[in-house]
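Q: So I've got this file, input-v2.cif, and it contains mmCIF, C-alpha atoms:
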data_coords
#
loop_
_atom_site.group_PDB
_atom_site.id
_atom_site.type_symbol
_atom_site.label_atom_id
_atom_site.label_comp_id
_atom_site.auth_asym_id
_atom_site.auth_seq_id
_atom_site.Cartn_x
_atom_site.Cartn_y
_atom_site.Cartn_z
ATOM 1 C CA MET A 741 162.350 116.631 213.594
ATOM 2 C CA GLN A 742 159.109 117.898 215.179
ATOM 3 C CA ASN A 743 155.793 116.240 214.426
ATOM 4 C CA ASP A 744 153.247 118.326 212.555
ATOM 5 C CA PRO A 745 150.286 118.584 214.971
ATOM 6 C CA THR A 746 147.828 118.873 212.098
ATOM 7 C CA ILE A 747 148.711 115.395 210.835
ATOM 8 C CA PRO A 748 147.190 112.708 213.022
ATOM 9 C CA ASN A 749 149.629 110.160 214.396
ATOM 10 C CA GLN A 750 149.287 106.435 213.861
ATOM 11 C CA SER A 751 147.097 105.794 216.901
ATOM 12 C CA ASP A 752 144.713 108.639 215.998
ATOM 13 C CA SER A 753 144.498 107.377 212.446
ATOM 14 C CA THR A 754 143.651 103.863 213.619
ATOM 15 C CA ARG A 755 141.097 105.242 216.033
ATOM 16 C CA ILE A 756 139.459 107.299 213.282
ATOM 17 C CA ASP A 757 139.354 104.228 211.040
ATOM 18 C CA ASN A 758 137.719 102.283 213.869
ATOM 19 C CA ILE A 759 135.133 105.036 214.277
ATOM 20 C CA LEU A 760 134.396 105.163 210.553
ATOM 21 C CA ASN A 761 133.967 101.388 210.495
ATOM 22 C CA SER A 762 131.893 101.240 213.673
ATOM 23 C CA LEU A 763 128.613 101.038 211.741
ATOM 24 C CA ASP A 764 129.699 97.921 209.846
ATOM 25 C CA ASN A 765 127.335 95.024 210.550
ATOM 26 C CA ILE A 766 124.834 97.316 212.247
ATOM 27 C CA GLN A 767 121.524 95.563 212.941
ATOM 28 C CA PRO A 768 118.288 97.356 212.034
ATOM 29 C CA ALA A 769 116.493 98.922 214.997
ATOM 30 C CA GLU A 770 112.850 98.076 215.595
ATOM 31 C CA PRO A 771 110.089 100.148 217.152
ATOM 32 C CA LYS A 772 108.596 99.091 220.493
ATOM 33 C CA PRO A 773 105.756 96.541 220.322
ATOM 34 C CA PHE A 774 102.202 97.677 219.529
ATOM 35 C CA PHE A 775 103.361 100.407 217.159
ATOM 36 C CA TYR A 776 100.139 100.135 215.155
ATOM 37 C CA THR A 777 97.973 100.636 218.268
ATOM 38 C CA ARG A 778 99.866 103.793 219.211
ATOM 39 C CA LEU A 779 99.660 104.990 215.623
ATOM 40 C CA MET A 780 95.871 104.546 215.625
ATOM 41 C CA ALA A 781 95.611 106.459 218.916
ATOM 42 C CA ARG A 782 97.599 109.297 217.382
ATOM 43 C CA PHE A 783 95.477 109.146 214.250
ATOM 44 C CA SER A 784 92.263 109.710 216.214
ATOM 45 C CA ASN A 785 93.876 112.633 218.062
ATOM 46 C CA THR A 786 95.024 114.318 214.887
ATOM 47 C CA THR A 787 91.612 114.198 213.172
ATOM 48 C CA GLN A 788 90.579 117.859 212.983
ATOM 49 C CA SER A 789 87.319 119.580 212.166
ATOM 50 C CA SER A 790 87.061 121.633 208.976
ATOM 51 C CA TRP A 791 87.149 124.860 211.043
ATOM 52 C CA GLU A 792 90.373 123.746 212.710
ATOM 53 C CA ASN A 793 91.817 122.943 209.311
ATOM 54 C CA PHE A 794 90.735 126.331 207.976
ATOM 55 C CA SER A 795 92.147 128.268 210.941
ATOM 56 C CA ALA A 796 95.369 126.251 210.726
ATOM 57 C CA LEU A 797 95.615 127.172 207.054
ATOM 58 C CA ILE A 798 95.051 130.905 207.410
ATOM 59 C CA THR A 799 97.356 131.235 210.395
ATOM 60 C CA ARG A 800 100.250 129.717 208.485
ATOM 61 C CA PRO A 801 102.783 132.553 208.136
ATOM 62 C CA SER A 802 103.110 132.094 204.369
ATOM 63 C CA VAL A 803 99.337 132.279 203.844
ATOM 64 C CA ALA A 804 98.832 135.143 206.310
ATOM 65 C CA PHE A 805 101.645 137.263 204.858
ATOM 66 C CA SER A 806 100.531 136.537 201.290
ATOM 67 C CA GLY A 807 96.989 137.618 202.206
ATOM 68 C CA ILE A 808 98.176 140.861 203.792
ATOM 69 C CA PHE A 809 100.468 141.540 200.846
ATOM 70 C CA LEU A 810 97.592 140.939 198.422
ATOM 71 C CA ILE A 811 95.287 143.345 200.272
ATOM 72 C CA VAL A 812 97.969 146.056 200.401
ATOM 73 C CA LEU A 813 98.726 145.501 196.717
ATOM 74 C CA MET A 814 95.034 145.775 195.759
ATOM 75 C CA ASN A 815 94.691 148.994 197.759
ATOM 76 C CA PHE A 816 97.785 150.409 196.156
ATOM 77 C CA MET A 817 96.583 149.478 192.668
ATOM 78 C CA ALA A 818 93.143 150.960 193.305
ATOM 79 C CA ALA A 819 94.730 154.218 194.499
ATOM 80 C CA TRP A 820 97.063 154.300 191.517
ATOM 81 C CA LEU A 821 94.231 153.674 189.044
ATOM 82 C CA ASN A 822 92.169 156.474 190.587
ATOM 83 C CA PHE A 823 95.132 158.772 190.316
ATOM 84 C CA LYS A 824 95.739 157.850 186.668
ATOM 85 C CA THR A 825 92.077 158.172 185.461
ATOM 86 C CA PRO A 826 91.450 161.704 184.129
ATOM 87 C CA ALA A 827 88.853 163.615 186.074
ATOM 88 C CA VAL A 828 85.465 163.489 184.348
ATOM 89 C CA ALA A 829 84.585 166.900 182.876
ATOM 90 C CA GLU A 830 82.008 168.514 185.088
ATOM 91 C CA GLN A 831 78.574 168.982 183.592
ATOM 92 C CA PRO A 832 77.386 172.549 183.496
ATOM 93 C CA GLU A 833 75.019 173.028 186.355
ATOM 94 C CA VAL A 834 72.802 175.521 184.560
ATOM 95 C CA VAL A 835 70.645 173.734 182.134
ATOM 96 C CA GLY A 836 69.201 175.652 179.238
ATOM 97 C CA THR A 837 65.577 176.657 179.766
ATOM 98 C CA GLU A 838 64.492 174.943 176.641
ATOM 99 C CA GLU A 839 66.173 171.785 177.664
ATOM 100 C CA TYR A 840 64.663 172.083 181.113
ATOM 101 C CA THR A 841 61.155 172.481 179.754
ATOM 102 C CA GLN A 842 61.598 169.447 177.586
ATOM 103 C CA MET A 843 62.746 167.466 180.520
ATOM 104 C CA ALA A 844 60.204 168.672 183.032
ATOM 105 C CA THR A 845 56.860 168.474 181.372
ATOM 106 C CA ASN A 846 54.045 168.082 183.851
ATOM 107 C CA PHE A 847 50.279 168.157 183.793
ATOM 108 C CA TYR A 848 50.150 171.969 184.342
ATOM 109 C CA ASP A 849 51.628 172.377 180.907
ATOM 110 C CA ILE A 850 48.869 170.289 179.463
ATOM 111 C CA GLU A 851 45.905 171.762 181.358
ATOM 112 C CA ASN A 852 46.854 175.430 181.455
ATOM 113 C CA ILE A 853 47.286 175.983 177.789
ATOM 114 C CA LYS A 854 46.519 179.669 178.187
ATOM 115 C CA PRO A 855 48.134 181.614 180.902
ATOM 116 C CA MET B 148 97.310 90.313 198.548
ATOM 117 C CA THR B 149 99.956 91.829 196.279
ATOM 118 C CA GLU B 150 101.628 95.162 197.018
ATOM 119 C CA TRP B 151 99.687 96.861 194.251
ATOM 120 C CA GLU B 152 96.359 95.490 195.552
ATOM 121 C CA LEU B 153 97.261 96.773 199.024
ATOM 122 C CA ILE B 154 97.934 100.222 197.589
ATOM 123 C CA GLU B 155 94.620 100.200 195.734
ATOM 124 C CA GLN B 156 92.824 99.150 198.926
ATOM 125 C CA LEU B 157 94.592 101.898 200.873
ATOM 126 C CA LYS B 158 93.417 104.410 198.298
ATOM 127 C CA LEU B 159 89.895 103.295 199.224
ATOM 128 C CA LYS B 160 90.833 103.971 202.907
ATOM 129 C CA ASN B 161 90.683 100.298 203.848
ATOM 130 C CA ASN B 162 91.999 100.044 207.428
ATOM 131 C CA GLY B 163 92.936 96.390 207.035
ATOM 132 C CA ALA B 164 95.230 97.250 204.127
ATOM 133 C CA PHE B 165 96.717 100.099 206.156
ATOM 134 C CA LYS B 166 97.500 97.716 209.049
ATOM 135 C CA ILE B 167 99.281 95.327 206.690
ATOM 136 C CA ILE B 168 101.299 98.200 205.226
ATOM 137 C CA VAL B 169 102.272 99.465 208.696
ATOM 138 C CA ASP B 170 103.234 95.976 209.864
ATOM 139 C CA THR B 171 105.297 95.422 206.717
ATOM 140 C CA TRP B 172 107.142 98.731 206.627
ATOM 141 C CA GLN B 173 107.375 99.864 210.258
ATOM 142 C CA ASN B 174 110.888 98.487 210.828
ATOM 143 C CA LEU B 175 112.222 100.070 207.655
ATOM 144 C CA VAL B 176 110.654 103.436 208.459
ATOM 145 C CA TYR B 177 111.697 103.408 212.118
ATOM 146 C CA ASN B 178 115.293 102.386 211.370
ATOM 147 C CA THR B 179 115.670 105.054 208.673
ATOM 148 C CA VAL B 180 114.163 107.783 210.828
ATOM 149 C CA LEU B 181 116.272 106.751 213.837
ATOM 150 C CA GLY B 182 119.439 107.157 211.756
ATOM 151 C CA PHE B 183 118.514 110.787 211.125
ATOM 152 C CA VAL B 184 116.900 111.954 214.369
ATOM 153 C CA GLN B 185 119.209 109.919 216.661
ATOM 154 C CA ASN B 186 116.671 109.660 219.449
ATOM 155 C CA GLU B 187 114.350 106.694 219.995
ATOM 156 C CA GLU B 188 111.317 108.668 221.212
ATOM 157 C CA ASP B 189 111.590 111.190 218.397
ATOM 158 C CA ALA B 190 112.026 108.318 215.933
ATOM 159 C CA GLU B 191 108.756 106.779 217.149
ATOM 160 C CA ASP B 192 106.926 110.132 216.737
ATOM 161 C CA VAL B 193 108.354 110.798 213.293
ATOM 162 C CA SER B 194 107.623 107.217 212.153
ATOM 163 C CA GLN B 195 103.983 107.739 213.133
ATOM 164 C CA GLU B 196 103.957 110.985 211.125
ATOM 165 C CA VAL B 197 105.368 109.069 208.149
ATOM 166 C CA PHE B 198 102.500 106.558 208.216
ATOM 167 C CA ILE B 199 99.902 109.306 208.674
ATOM 168 C CA GLN B 200 101.397 110.983 205.589
ATOM 169 C CA VAL B 201 101.327 107.665 203.703
ATOM 170 C CA TYR B 202 97.621 107.249 204.559
ATOM 171 C CA GLU B 203 96.745 110.804 203.582
ATOM 172 C CA SER B 204 98.743 111.088 200.371
ATOM 173 C CA ILE B 205 98.456 107.559 198.970
ATOM 174 C CA LYS B 206 96.059 108.978 196.353
ATOM 175 C CA ASN B 207 99.046 110.876 194.919
ATOM 176 C CA PHE B 208 101.107 107.704 194.536
ATOM 177 C CA LYS B 209 101.025 106.935 190.824
ATOM 178 C CA GLY B 210 103.418 104.007 190.834
ATOM 179 C CA ASP B 211 106.157 105.830 188.890
ATOM 180 C CA SER B 212 108.631 104.673 191.538
ATOM 181 C CA LYS B 213 108.646 101.625 193.800
ATOM 182 C CA PHE B 214 106.426 101.860 196.885
ATOM 183 C CA SER B 215 109.496 101.337 199.108
ATOM 184 C CA THR B 216 111.264 104.258 197.389
ATOM 185 C CA TRP B 217 108.214 106.455 197.997
ATOM 186 C CA ILE B 218 108.104 105.460 201.690
ATOM 187 C CA TYR B 219 111.850 106.114 202.043
ATOM 188 C CA ARG B 220 111.378 109.597 200.534
ATOM 189 C CA ILE B 221 108.623 110.425 203.014
ATOM 190 C CA SER B 222 110.736 109.069 205.887
ATOM 191 C CA VAL B 223 113.747 111.173 204.888
ATOM 192 C CA SER B 224 111.759 114.374 204.379
ATOM 193 C CA LYS B 225 109.819 113.953 207.659
ATOM 194 C CA SER B 226 113.083 113.299 209.526
ATOM 195 C CA LEU B 227 114.731 116.391 208.055
ATOM 196 C CA ASP B 228 111.609 118.467 208.863
ATOM 197 C CA HIS B 229 111.793 117.235 212.444
ATOM 198 C CA LEU B 230 115.478 118.178 212.737
ATOM 199 C CA ARG B 231 114.748 121.650 211.304
ATOM 200 C CA LYS B 232 111.892 122.192 213.767
ATOM 201 C CA LYS B 233 114.090 121.031 216.643
ATOM 202 C CA LYS B 234 116.869 123.407 215.619
ATOM 203 C CA ARG B 235 114.403 126.301 215.310
ATOM 204 C CA LYS B 236 112.926 125.490 218.731
ATOM 205 C CA LYS B 237 116.401 125.412 220.249
ATOM 206 C CA ARG B 238 117.295 128.772 218.706
ATOM 207 C CA PHE B 239 113.994 130.276 219.856
ATOM 208 C CA ALA B 240 114.496 128.963 223.402
ATOM 209 C CA PHE B 241 117.957 130.543 223.422
ATOM 210 C CA ILE B 242 116.564 133.929 222.326
ATOM 211 C CA GLU B 243 113.807 133.703 224.956
ATOM 212 C CA SER B 244 116.398 132.920 227.607
ATOM 213 C CA LEU B 245 118.239 136.117 226.654
ATOM 214 C CA PHE B 246 115.067 138.079 227.379
ATOM 215 C CA GLY B 247 114.749 136.486 230.786
ATOM 216 C CA LYS B 248 111.944 134.039 230.088
ATOM 217 C CA ASP B 249 111.731 131.150 232.525
ATOM 218 C CA ASP B 250 111.780 128.497 229.824
ATOM 219 C CA GLU B 251 114.661 126.140 230.213
ATOM 220 C CA LEU B 252 117.344 126.079 227.578
ATOM 221 C CA ILE B 253 117.148 122.999 225.373
ATOM 222 C CA ASN B 254 120.452 121.284 225.962
ATOM 223 C CA ASP B 255 122.367 119.216 223.475
ATOM 224 C CA PRO B 256 121.144 115.631 223.651
ATOM 225 C CA PRO B 257 123.444 113.013 225.165
ATOM 226 C CA ASP B 258 125.437 110.748 222.853
ATOM 227 C CA PHE B 259 123.194 108.584 220.758
ATOM 228 C CA LEU B 260 123.678 104.843 221.228
ATOM 229 C CA HIS B 261 122.089 103.017 218.313
ATOM 230 C CA PRO B 262 120.440 99.801 219.560
ATOM 231 C CA GLY B 263 121.674 97.843 216.543
ATOM 232 C CA VAL B 264 125.388 98.518 217.063
ATOM 233 C CA VAL B 265 127.423 95.776 218.734
ATOM 234 C CA LEU B 266 128.484 96.593 222.278
ATOM 235 C CA GLU B 267 132.207 97.066 221.624
ATOM 236 C CA ASN B 268 131.465 99.607 218.860
ATOM 237 C CA LYS B 269 128.853 101.651 220.739
ATOM 238 C CA GLU B 270 131.230 104.385 221.896
ATOM 239 C CA ASN B 271 132.805 104.807 218.462
ATOM 240 C CA ALA B 272 129.391 104.744 216.778
ATOM 241 C CA ALA B 273 128.190 107.528 219.106
ATOM 242 C CA VAL B 274 131.123 109.711 217.987
ATOM 243 C CA LEU B 275 130.419 108.833 214.363
ATOM 244 C CA PHE B 276 126.694 109.671 214.654
ATOM 245 C CA LYS B 277 127.596 113.080 216.071
ATOM 246 C CA ALA B 278 129.930 113.701 213.140
ATOM 247 C CA ILE B 279 127.304 112.457 210.642
ATOM 248 C CA SER B 280 124.752 114.979 211.910
ATOM 249 C CA ALA B 281 127.220 117.785 211.101
ATOM 250 C CA LEU B 282 127.527 116.735 207.435
ATOM 251 C CA PRO B 283 125.895 118.776 204.642
ATOM 252 C CA LYS B 284 122.318 117.626 203.965
ATOM 253 C CA ASN B 285 122.794 115.478 200.852
ATOM 254 C CA GLN B 286 125.959 113.823 202.153
ATOM 255 C CA ASN B 287 124.124 113.131 205.403
ATOM 256 C CA ILE B 288 121.203 111.480 203.560
ATOM 257 C CA ALA B 289 123.421 109.373 201.310
ATOM 258 C CA PHE B 290 125.666 108.241 204.183
ATOM 259 C CA ILE B 291 122.798 107.231 206.486
ATOM 260 C CA LEU B 292 120.923 105.380 203.750
ATOM 261 C CA ASN B 293 124.101 103.543 202.793
ATOM 262 C CA LYS B 294 125.642 102.813 206.195
ATOM 263 C CA VAL B 295 122.661 102.569 208.546
ATOM 264 C CA GLU B 296 119.966 101.307 206.196
ATOM 265 C CA GLY B 297 122.409 99.308 204.034
ATOM 266 C CA LEU B 298 120.980 100.474 200.695
ATOM 267 C CA THR B 299 122.821 100.112 197.402
ATOM 268 C CA TYR B 300 123.938 103.094 195.314
ATOM 269 C CA GLN B 301 121.094 102.437 192.894
ATOM 270 C CA GLN B 302 118.449 102.427 195.630
ATOM 271 C CA ILE B 303 119.876 105.641 197.083
ATOM 272 C CA SER B 304 119.943 107.262 193.654
ATOM 273 C CA GLU B 305 116.235 106.426 193.189
ATOM 274 C CA ILE B 306 115.319 107.865 196.584
ATOM 275 C CA MET B 307 117.387 111.028 196.142
ATOM 276 C CA GLU B 308 116.532 111.311 192.421
ATOM 277 C CA VAL B 309 120.166 111.690 191.390
ATOM 278 C CA SER B 310 122.520 109.528 189.308
ATOM 279 C CA ASP B 311 124.531 106.616 190.703
ATOM 280 C CA SER B 312 127.765 108.556 190.133
ATOM 281 C CA ALA B 313 126.351 111.489 192.121
ATOM 282 C CA VAL B 314 125.648 109.109 195.020
ATOM 283 C CA ASP B 315 129.188 107.760 194.768
ATOM 284 C CA SER B 316 130.559 111.287 194.832
ATOM 285 C CA LEU B 317 128.359 112.237 197.821
ATOM 286 C CA LEU B 318 129.545 109.211 199.784
ATOM 287 C CA GLN B 319 133.211 109.896 198.986
ATOM 288 C CA ARG B 320 132.854 113.507 200.089
ATOM 289 C CA ALA B 321 130.973 112.414 203.205
ATOM 290 C CA LYS B 322 133.796 110.056 204.183
ATOM 291 C CA THR B 323 136.440 112.722 203.526
ATOM 292 C CA ASN B 324 134.523 115.273 205.607
ATOM 293 C CA LEU B 325 133.946 112.805 208.425
ATOM 294 C CA ARG B 326 137.654 111.941 208.548
ATOM 295 C CA LYS B 327 138.577 115.619 208.519
ATOM 296 C CA ASN B 328 136.088 116.435 211.302
ATOM 297 C CA LEU B 329 137.251 113.534 213.431
ATOM 298 C CA GLU B 330 140.907 114.519 212.980
ATOM 299 C CA THR B 331 140.066 118.059 214.077
ATOM 300 C CA TYR B 332 138.076 116.660 217.009
ATOM 301 C CA TYR B 333 141.033 114.576 218.221
ATOM 302 C CA HIS B 334 143.512 117.359 217.545
ATOM 303 C CA PHE B 335 141.612 119.739 219.842
ATOM 304 C CA ASN B 336 140.867 117.098 222.482
ATOM 305 C CA LYS B 337 144.508 116.192 223.077
#
Mind turning this structure into structure tokens?
A:
Amino acid sequence: MQNDPTIPNQSDSTRIDNILNSLDNIQPAEPKPFFYTRLMARFSNTTQSSWENFSALITRPSVAFSGIFLIVLMNFMAAWLNFKTPAVAEQPEVVGTEEYTQMATNFYDIENIKP
Amino acid sequence: MTEWELIEQLKLKNNGAFKIIVDTWQNLVYNTVLGFVQNEEDAEDVSQEVFIQVYESIKNFKGDSKFSTWIYRISVSKSLDHLRKKKRKKRFAFIESLFGKDDELINDPPDFLHPGVVLENKENAAVLFKAISALPKNQNIAFILNKVEGLTYQQISEIMEVSDSAVDSLLQRAKTNLRKNLETYYHFNK
């Protein structure tokens, strides 16, 4: 009878068990000494000015793309609203004479009563 | 000073309180991060990021969970972020190399030898760590917290915000997947 190659033999199985159990009794690792000193050094390097924070924020892809999308959307909406609003009926350019005289009264009308 | 007093002092940006917190939790953070990133230098960098995050977001800590649980969560998420960034960088370097850029390809790291593993198990542990990093995310988290950090199911369930039975299921599936991957590995390396 031939062995099925997909089924691991006894030695493989033992080896796999050994691998799976290799983390038993593992001791916790510790950072190198003076971790706090190095952390403080990093802290002072990472302190950024407000401008750096602002530029970091706006150059984030999510913020930048959202901003561009918002601007395009606002433009599109403005164009669409303009298109939808009915054109205002044009005022007749010729104003009635009577209306004109009422509107444009000047001192000649007052002083030159008689022509 | 009690833990809660330390937290209150840290909220007031007291550096002395921060030093005590770092000294108390640095081993826990470093060991957890090392289990995920599998590189001692990266683990140091990520551990520093964890403490910077702790300092900056302590004001958001309301005490709904234990402080240790909160620190574990930050450690896990920072480690996973680091792995994602590393993977992205590797992919980007590969694409750049296709376009003839001079940047060197980022090679696969050598086998990781955990400093806390006894000498006779180091080789096996290196194979196991490689297989662990190929597990699906949640199985990976549960397995590392259980096997490397030695946490109980309840502690893991609090960190991952799932039920104890879900943790049990994740660990069972992780073990099954690891066995399957190792069998395949030995089958193809014969």
Q: Determine which residues of chain A sit within 9 Å of chain B, taking into account only C-alpha atoms, and present them as a ChimeraX atom specification.
A: /A:745-748,752-753,755-772,775-776,778-779,782-783
Q: Grab the CA of Val184 (chain B) to CA of Ser280 (chain B) distance for me, in Å with one decimal place.
A: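 That distance, rounded to one decimal, is 8.8 Å.
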Q: Mind pulling up the distance from CA of Gln200 (chain B) to CA of Pro283 (chain B)?
A: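 Separating CA of Pro283 (chain B) from CA of Gln200 (chain B) is a distance of 25.7 Å.
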Q: Glu305 (chain B): which residues within 12 Å, counting all atoms listed in the file, same-chain residues fewer than 3 positions away excluded, as a PyMOL selection string?
A: chain B and resi 211-220+289+292+298-302+308-311+313-314
Q: Which residues, written as a PDB file with C-alpha atoms, in the frame of the given file, have at least one atom at most 8 Å from region 152-164 of chain B, with all atoms listed in the file counted and residues fewer than 3 positions away on the same chain left out?
A:
ATOM      1  CA  MET B 148      97.310  90.313 198.548  1.00  0.00           C
ATOM      2  CA  THR B 149      99.956  91.829 196.279  1.00  0.00           C
ATOM      3  CA  ILE B 167      99.281  95.327 206.690  1.00  0.00           C
ATOM      4  CA  ILE B 168     101.299  98.200 205.226  1.00  0.00           C
ATOM      5  CA  TYR B 202      97.621 107.249 204.559  1.00  0.00           C
ATOM      6  CA  ILE B 205      98.456 107.559 198.970  1.00  0.00           C
ATOM      7  CA  LYS B 206      96.059 108.978 196.353  1.00  0.00           C
TER       8      LYS B 206
END
Q: Mind telling me what the PyMOL selection byres ((chain B and resi 225-228) around 7) catches here, as number ranges by chain?
A: B: 180, 183-184, 193, 197, 221-224, 229-232
Q: What's the separation between CA of Ala240 (chain B) and CA of Ser806 (chain A), in Å to one decimal place?
A: 27.2 Å
Q: For region 298-313 of chain B, what centre and edge lengths in Å (one decimal) does the axis-aligned box get once 8 Å is added on each side of all its listed atoms, as JSON?
A:
{"center_x": 121.5, "center_y": 105.9, "center_z": 195.0, "size_x": 28.4, "size_y": 27.6, "size_z": 27.4}
Q: Nearest to Gln319 (chain B): which of B:Phe290, B:Trp151, B:Phe246, B:Phe208 is it, counting all atoms listed in the file?
A: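 Using all atoms listed in the file, the shortest distance to Gln319 (chain B) belongs to B:Phe290.
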